[in-house]
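First up is the structure itself, then whatever we jot down about it.
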Amino acid sequence: MHVGNFRTALFAYLMARQSNGRFILRIEDTDQGRSVEGTVENILRTLHWSGLDPDEGVMLRKGLITQEGTRGPYIQSERLELYRKYADELVSKGHAYPCFCTPERLTKMRDEQALKKQAPMYDRHCLHLPKKEIADRIEGGEPHVLRLLVPRDRSISYDDEIRGNVTFHGHTVDDQVLMKSDGFPTYHLAHIVDDHLMEIDLVIRGEEWLSSTPKHLILFSMFDWAPPKYAHVPLILNPDHTKLSKRQGSVAVEEYIAQGYLPEALLNFLGLLGWNPGTTQDIFSLPELIEQFSLERVQKAGAVFDLKKLQWLQGQWIRKIPLSDFADRIKSLVVERYPNAVHDAQFSAKAVLIQERLTFFSEAVDLLSFFYSEPKVTVELLANPKQKVTLELLPKILELLKDTLEAIMKDEWTADTLKERITGTAEANTLKPGQMLWVLRAALTGLAYSPGAFDVAVMLGKEKCLERLEVVSV
RNA sequence: GGCCCCGUCGUCUAACGGUUAGGACGUCAGAUUUUCAAUCUGGUAACGCGGGUUCGACUCCCGCCGGGGCUGCCA
């Protein structure tokens, strides 16, 4: 599921919720060539992951795809007779006509138009065929499509919920194919038939649909049906301002799920992409979005997908997780690599040390590694010029650390005592506390980034600390 | 080419005729008497251009420039 479609779904969901409406999932599978196995289930699972379950239409029940609601079927390939019926009605009213033109002729026609710098539009070749001939060719089973007869003399305008008044001139609108030769409708016909029959009153869709809206409006008026309100949301863009695409990052929601993003983070990010609350609030839960969202505050211009901001939001949300839940979530990951963590009664106490320093659950494994295995400590890590620890100074610091820790009684092995004694030693030896603490922390964890030295030392215990200091000394 | 949409810091955005043009992400600096992608503080950075209208324009109008979408028997 493309993140753009997902954001559109989010906006639709928000509008449905705040207006006590229904969020309907309809599957538009009218292109036989593009159907991909598992797509529907994938969409459903993704929506469920984020909490945007449909109220009506296609849904998942006990892992199976089902349809619920009184206006079904909700899968367009199961509604073919319906579209046929309405298409015939259009033909009989003179609003649509059969076209026998081959793809080859159409291509040639468009090429010629392009050459003459004209807009490529169907030349209505088949509109002028004699009635008898049309009947005979259809009778003879010749492949054909049905085209919309666009009233070229009028202009079509409507009020977009996001963009305001938009106007098109009939003579710039092409005679859109409504029914394909394979008996399937195009999106355009299916959309208006279904939205009318399913009583859809608000259509929120991507900006790429803006230019086909006049066709839809014409169709609604030909059936004498009231059109829904339309809201065309701006596109989501790549950093280079082109339409969001693969190649420049992930476009599928499934990829973000796989990378470990929380639904709260993605929802928060996408909710704020193209919409703003008008306040300085930037952390939004789904209920808060429902409460505050409005189409009036949706942006008109495209918005670049800013991965950095998504990551920041992810960090914000991961820190909001209650500790016990957080510990549960990371425990299975840690146990995968360190089976001895299974029965660790202190697991939560360790989890609390890392919750605010990670962005993804998966990072927990490395961040807790030194609790379940002996760290590999390198001299390069210990002797860090940035921490003012030189190779010459290192042996002395290690000796001082060992002596200092050795002198602390087991029953006073606390963060406070450690801090007090180490600071004292540092001062007595004209060292900065940081120089000693860097070495201690690095020796105990083997990591450049980890929880603080005191926390780690307390958790590890006196014996283990001395043991590790001894190991790096030799 | 034609039609339509859009144009405030690098990015997401606030402003709806009068502000030192605000916030957030990023970035930079400092703090956190140890690290950190965590936290805090501070800094950096924008009204595309040109005409109008007005006492006064980011805000209204026109033109230009720039970007995007569509231009399929795809959605």
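Residue numbering restarts at 1 for every chain of the structure tokens, chains are lettered A, B, ... in their displayed order, and ligands are numbered from 1 as they appear.
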
Residue set, stretch 113-171 of chain A restricted to strand (DSSP E), as a PyMOL selection string: chain A and resi 145-148+155-160+164-169

DSSP helix (DSSP H, G or I) selection over stretch 169-411 of chain A, as a ChimeraX atom specification: /A:170-172,187-197,207-223,253-258,263-271,286-292,295-297,307-320,323-337,339-341,347-357,363-367,369-372,379-382,385-387,393-406,410-411

Test item: residues at most 9 Å from stretch 1-13 of chain B, only C-alpha atoms (C1' of nucleotides), excluding those fewer than 2 positions along its chain, as number ranges by chain: A: 114-120, 163, 166-169, 172-173, 207, 210-211, 239, 272-276, 300-306, 309; B: 21, 23-26, 45-48, 58, 66-71

Excluding B:G30 and residues on its chain fewer than 5 positions from it, collect all residues at most 12 Å away from it, counting only C-alpha atoms (C1' of nucleotides), and give them as a compact mmCIF listing (two decimals) with N, CA and C atoms (P, O5', C5', C4', C3', O3' and C1' of nucleotides), in the first residue's frame.
# COMPACT_ATOMS: atom_id res chain seq x y z
P C B 40 13.53 18.67 25.63
O5' C B 40 14.48 19.74 26.34
C5' C B 40 14.27 20.08 27.71
C4' C B 40 15.36 21.02 28.16
C3' C B 40 15.57 22.24 27.29
O3' C B 40 14.66 23.28 27.60
C1' C B 40 17.66 21.26 27.78
P U B 41 14.33 24.37 26.47
O5' U B 41 15.69 25.21 26.38
C5' U B 41 16.12 25.99 27.49
C4' U B 41 17.40 26.70 27.14
C3' U B 41 17.40 27.45 25.83
O3' U B 41 16.80 28.73 25.94
C1' U B 41 19.39 26.17 26.01
P G B 42 16.16 29.38 24.64
O5' G B 42 17.42 29.74 23.75
C5' G B 42 18.28 30.79 24.16
C4' G B 42 19.52 30.79 23.30
C3' G B 42 19.31 31.00 21.80
O3' G B 42 19.11 32.35 21.45
C1' G B 42 20.86 29.26 22.15
P G B 43 18.42 32.69 20.05
O5' G B 43 19.52 32.27 18.98
C5' G B 43 20.76 32.97 18.94
C4' G B 43 21.64 32.35 17.88
C3' G B 43 21.09 32.34 16.47
O3' G B 43 21.25 33.59 15.82
C1' G B 43 22.10 30.26 16.94

Which residues, written as an mmCIF file with C-alpha atoms (C1' of nucleotides), in the first residue's frame, have at least one atom at most 8 Å from stretch 144-153 of chain A, with only C-alpha atoms (C1' of nucleotides) counted and residues fewer than 3 positions away on the same chain left out?
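Heads up, here's the output in around.cif:
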data_model
loop_
_atom_site.group_PDB
_atom_site.id
_atom_site.type_symbol
_atom_site.label_atom_id
_atom_site.label_comp_id
_atom_site.auth_asym_id
_atom_site.auth_seq_id
_atom_site.Cartn_x
_atom_site.Cartn_y
_atom_site.Cartn_z
ATOM 1 C CA ALA A 87 -23.573 2.124 -19.601
ATOM 2 C CA GLY A 94 -27.333 9.495 -26.403
ATOM 3 C CA HIS A 95 -24.708 10.366 -23.816
ATOM 4 C CA ALA A 96 -22.312 7.599 -24.800
ATOM 5 C CA TYR A 97 -21.418 5.871 -28.050
ATOM 6 C CA PRO A 98 -19.637 2.759 -29.274
ATOM 7 C CA CYS A 99 -16.155 3.110 -30.672
ATOM 8 C CA PHE A 100 -14.444 0.484 -32.810
ATOM 9 C CA CYS A 101 -11.132 2.241 -33.253
ATOM 10 C CA ILE A 138 -21.762 -5.042 -32.734
ATOM 11 C CA HIS A 169 -14.009 23.916 -20.408
ATOM 12 C CA GLY A 170 -15.920 21.146 -22.124
ATOM 13 C CA HIS A 171 -13.908 21.382 -25.291
ATOM 14 C CA THR A 172 -10.756 20.423 -23.413
ATOM 15 C CA VAL A 173 -12.304 17.265 -21.990
ATOM 16 C CA ASP A 174 -11.743 14.080 -23.968
ATOM 17 C CA ASP A 175 -14.452 11.526 -24.808
ATOM 18 C CA GLN A 176 -13.395 9.176 -22.057
ATOM 19 C CA VAL A 177 -13.711 5.427 -22.491
ATOM 20 C CA LEU A 178 -16.373 4.203 -20.071
ATOM 21 C CA MET A 179 -16.558 0.516 -20.926
ATOM 22 C CA LYS A 180 -13.558 -1.404 -22.169
ATOM 23 C CA SER A 181 -13.728 -4.073 -24.816
ATOM 24 C CA LYS A 215 -15.674 13.779 -16.606
ATOM 25 C CA ILE A 218 -20.588 15.268 -16.450
ATOM 26 C "C1'" C B 73 -9.517 0.237 -23.585
#

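Distance check against chain A using only C-alpha atoms (C1' of nucleotides): of B:U54, B:U35, B:U44, B:U59, the minimum falls on B:U35.
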